[in-house]
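What's in final.pdb: PDB, C-alpha atoms and all ligand atoms
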```
MODEL        1
ATOM      1  CA  MET A   1       0.000   0.000   0.000
ATOM      2  CA  GLY A   2       1.340   3.419  -0.925
ATOM      3  CA  GLU A   3       1.354   6.617   1.044
ATOM      4  CA  LEU A   4      -2.054   7.740   2.201
ATOM      5  CA  VAL A   5      -3.235  11.162   1.156
ATOM      6  CA  PRO A   6      -4.267  13.105   4.282
ATOM      7  CA  TYR A   7      -8.017  13.690   4.580
ATOM      8  CA  HIS A   8      -7.895  17.462   4.065
ATOM      9  CA  GLU A   9      -5.744  17.045   0.954
ATOM     10  CA  LEU A  10      -8.186  14.524  -0.431
ATOM     11  CA  LEU A  11     -10.975  17.068   0.050
ATOM     12  CA  ASP A  12      -8.910  19.898  -1.437
ATOM     13  CA  SER A  13      -8.058  17.784  -4.482
ATOM     14  CA  GLY A  14     -11.752  17.557  -5.401
ATOM     15  CA  ARG A  15     -11.673  13.758  -5.612
ATOM     16  CA  LEU A  16     -14.609  13.555  -3.221
ATOM     17  CA  ASP A  17     -16.644  16.420  -4.666
ATOM     18  CA  TRP A  18     -19.097  13.966  -6.260
ATOM     19  CA  LEU A  19     -20.365  13.179  -2.756
ATOM     20  CA  TRP A  20     -21.959  16.603  -2.613
ATOM     21  CA  ASP A  21     -23.462  16.682  -6.120
ATOM     22  CA  GLY A  22     -26.948  16.099  -4.663
ATOM     23  CA  ARG A  23     -27.384  12.571  -5.982
ATOM     24  CA  LEU A  24     -26.862  10.857  -2.619
ATOM     25  CA  HIS A  25     -29.295  13.224  -0.978
ATOM     26  CA  THR A  26     -31.868  12.425  -3.656
ATOM     27  CA  MET A  27     -31.282   8.664  -3.543
ATOM     28  CA  TYR A  28     -30.885   8.116   0.177
ATOM     29  CA  GLY A  29     -31.827  11.367   1.895
ATOM     30  CA  TYR A  30     -28.308  11.787   3.240
ATOM     31  CA  THR A  31     -27.771  14.837   5.389
ATOM     32  CA  SER A  32     -24.598  16.882   5.365
ATOM     33  CA  HIS A  33     -23.590  14.935   8.481
ATOM     34  CA  ASP A  34     -24.042  11.625   6.633
ATOM     35  CA  LEU A  35     -21.980  12.938   3.723
ATOM     36  CA  ALA A  36     -19.186  14.035   6.053
ATOM     37  CA  THR A  37     -19.155  10.504   7.507
ATOM     38  CA  PHE A  38     -19.128   9.013   4.004
ATOM     39  CA  ALA A  39     -16.182  11.222   3.086
ATOM     40  CA  ARG A  40     -14.254   9.984   6.135
ATOM     41  CA  VAL A  41     -14.949   6.364   5.200
ATOM     42  CA  LEU A  42     -13.895   6.910   1.583
ATOM     43  CA  ALA A  43     -10.702   8.629   2.703
ATOM     44  CA  ARG A  44      -9.460   5.222   3.884
ATOM     45  CA  PRO A  45      -8.529   2.409   1.523
ATOM     46  CA  CYS A  46     -10.698  -0.676   1.995
ATOM     47  CA  PRO A  47      -8.852  -3.690   3.439
ATOM     48  CA  ASP A  48     -11.669  -5.943   2.250
ATOM     49  CA  CYS A  49     -12.161  -5.223  -1.476
ATOM     50  CA  GLY A  50      -9.055  -3.148  -2.121
ATOM     51  CA  ALA A  51     -10.858   0.076  -3.031
ATOM     52  CA  GLY A  52      -8.418   2.945  -2.874
ATOM     53  CA  GLN A  53      -8.900   6.324  -1.280
ATOM     54  CA  ALA A  54     -11.936   8.179  -2.683
ATOM     55  CA  GLU A  55     -13.150   5.001  -4.407
ATOM     56  CA  ARG A  56     -16.352   3.207  -3.513
ATOM     57  CA  CYS A  57     -16.233  -0.395  -2.376
ATOM     58  CA  ARG A  58     -17.018  -3.064  -4.954
ATOM     59  CA  THR A  59     -18.569  -6.509  -4.795
ATOM     60  CA  THR A  60     -16.510  -9.521  -5.844
ATOM     61  CA  SER A  61     -18.279  -9.311  -9.229
ATOM     62  CA  GLY A  62     -17.110  -5.702  -9.587
ATOM     63  CA  ARG A  63     -20.369  -3.884  -8.934
ATOM     64  CA  GLU A  64     -19.780  -0.521  -7.309
ATOM     65  CA  LEU A  65     -21.531  -0.123  -3.969
ATOM     66  CA  MET A  66     -23.375   3.172  -3.785
ATOM     67  CA  ALA A  67     -24.585   3.598  -0.225
ATOM     68  CA  LEU A  68     -22.601   4.445   2.861
ATOM     69  CA  ASP A  69     -24.087   1.431   4.665
ATOM     70  CA  GLU A  70     -22.928  -0.859   1.841
ATOM     71  CA  GLN A  71     -19.268   0.058   2.169
ATOM     72  CA  HIS A  72     -17.401  -2.811   3.803
ATOM     73  CA  LEU A  73     -17.647  -2.959   7.558
ATOM     74  CA  SER A  74     -13.901  -3.186   8.102
ATOM     75  CA  ARG A  75     -13.533   0.133   6.292
ATOM     76  CA  ARG A  76     -16.348   1.855   8.116
ATOM     77  CA  LEU A  77     -15.122   0.847  11.568
ATOM     78  CA  ARG A  78     -11.515   1.926  11.200
ATOM     79  CA  ARG A  79     -10.564   5.160  12.930
TER      80      ARG A  79
HETATM   81 ZN    ZN B 101     -14.524  -2.530   0.361
ENDMDL
END
```

Show me the file's structure as structure tokens.
Ligand SMILES: [Zn+2]
Amino acid sequence: MGELVPYHELLDSGRLDWLWDGRLHTMYGYTSHDLATFARVLARPCPDCGAGQAERCRTTSGRELMALDEQHLSRRLRR
């Protein structure tokens, strides 16, 4: 695993801007608090499926997981 990009740099780079494009609010009713949590989760690589920073988790068949609650548990629980 390479160097991790610090959270604030990930935000500044715009790689997570899609979180706030309104789609997640429309689909799931996410609040700004939910989106901030989602951003924190996505800032970590996933030890389960290998998703990198700012990438959504994927199923073994390669389907991208859209919802915060679908991201792998091991990624969501890490601090
Ligand atoms: Zn994952």

Original post:
Within 6 Å of range 28-45 of chain A, counting all atoms listed in the file, which residues qualify if same-chain residues fewer than 4 places away don't, as a PyMOL selection string?
Top reply: chain A and resi 24+51-54+68+76

**OP:** Output the residue selection produced by the PyMOL selection byres (((not hetatm)) within 12 of (chain B and resi 101)) on the file above, formatted as a count of residues only.
**Re:** 35

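CA of Ser13 in chain A to CA of His25 in chain A spans 22.0 Å [interatomic distance, one decimal].
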
**OP:** Using CA of Arg15 in chain A and CA of Glu3 in chain A as the two end points, give the distance in Å to one decimal.
**Re:** 16.3 Å

**OP:** Could you please determine the separation between CA of Val5 in chain A and CA of Leu19 in chain A in Å, to one decimal place?
**Re:** 17.7 Å
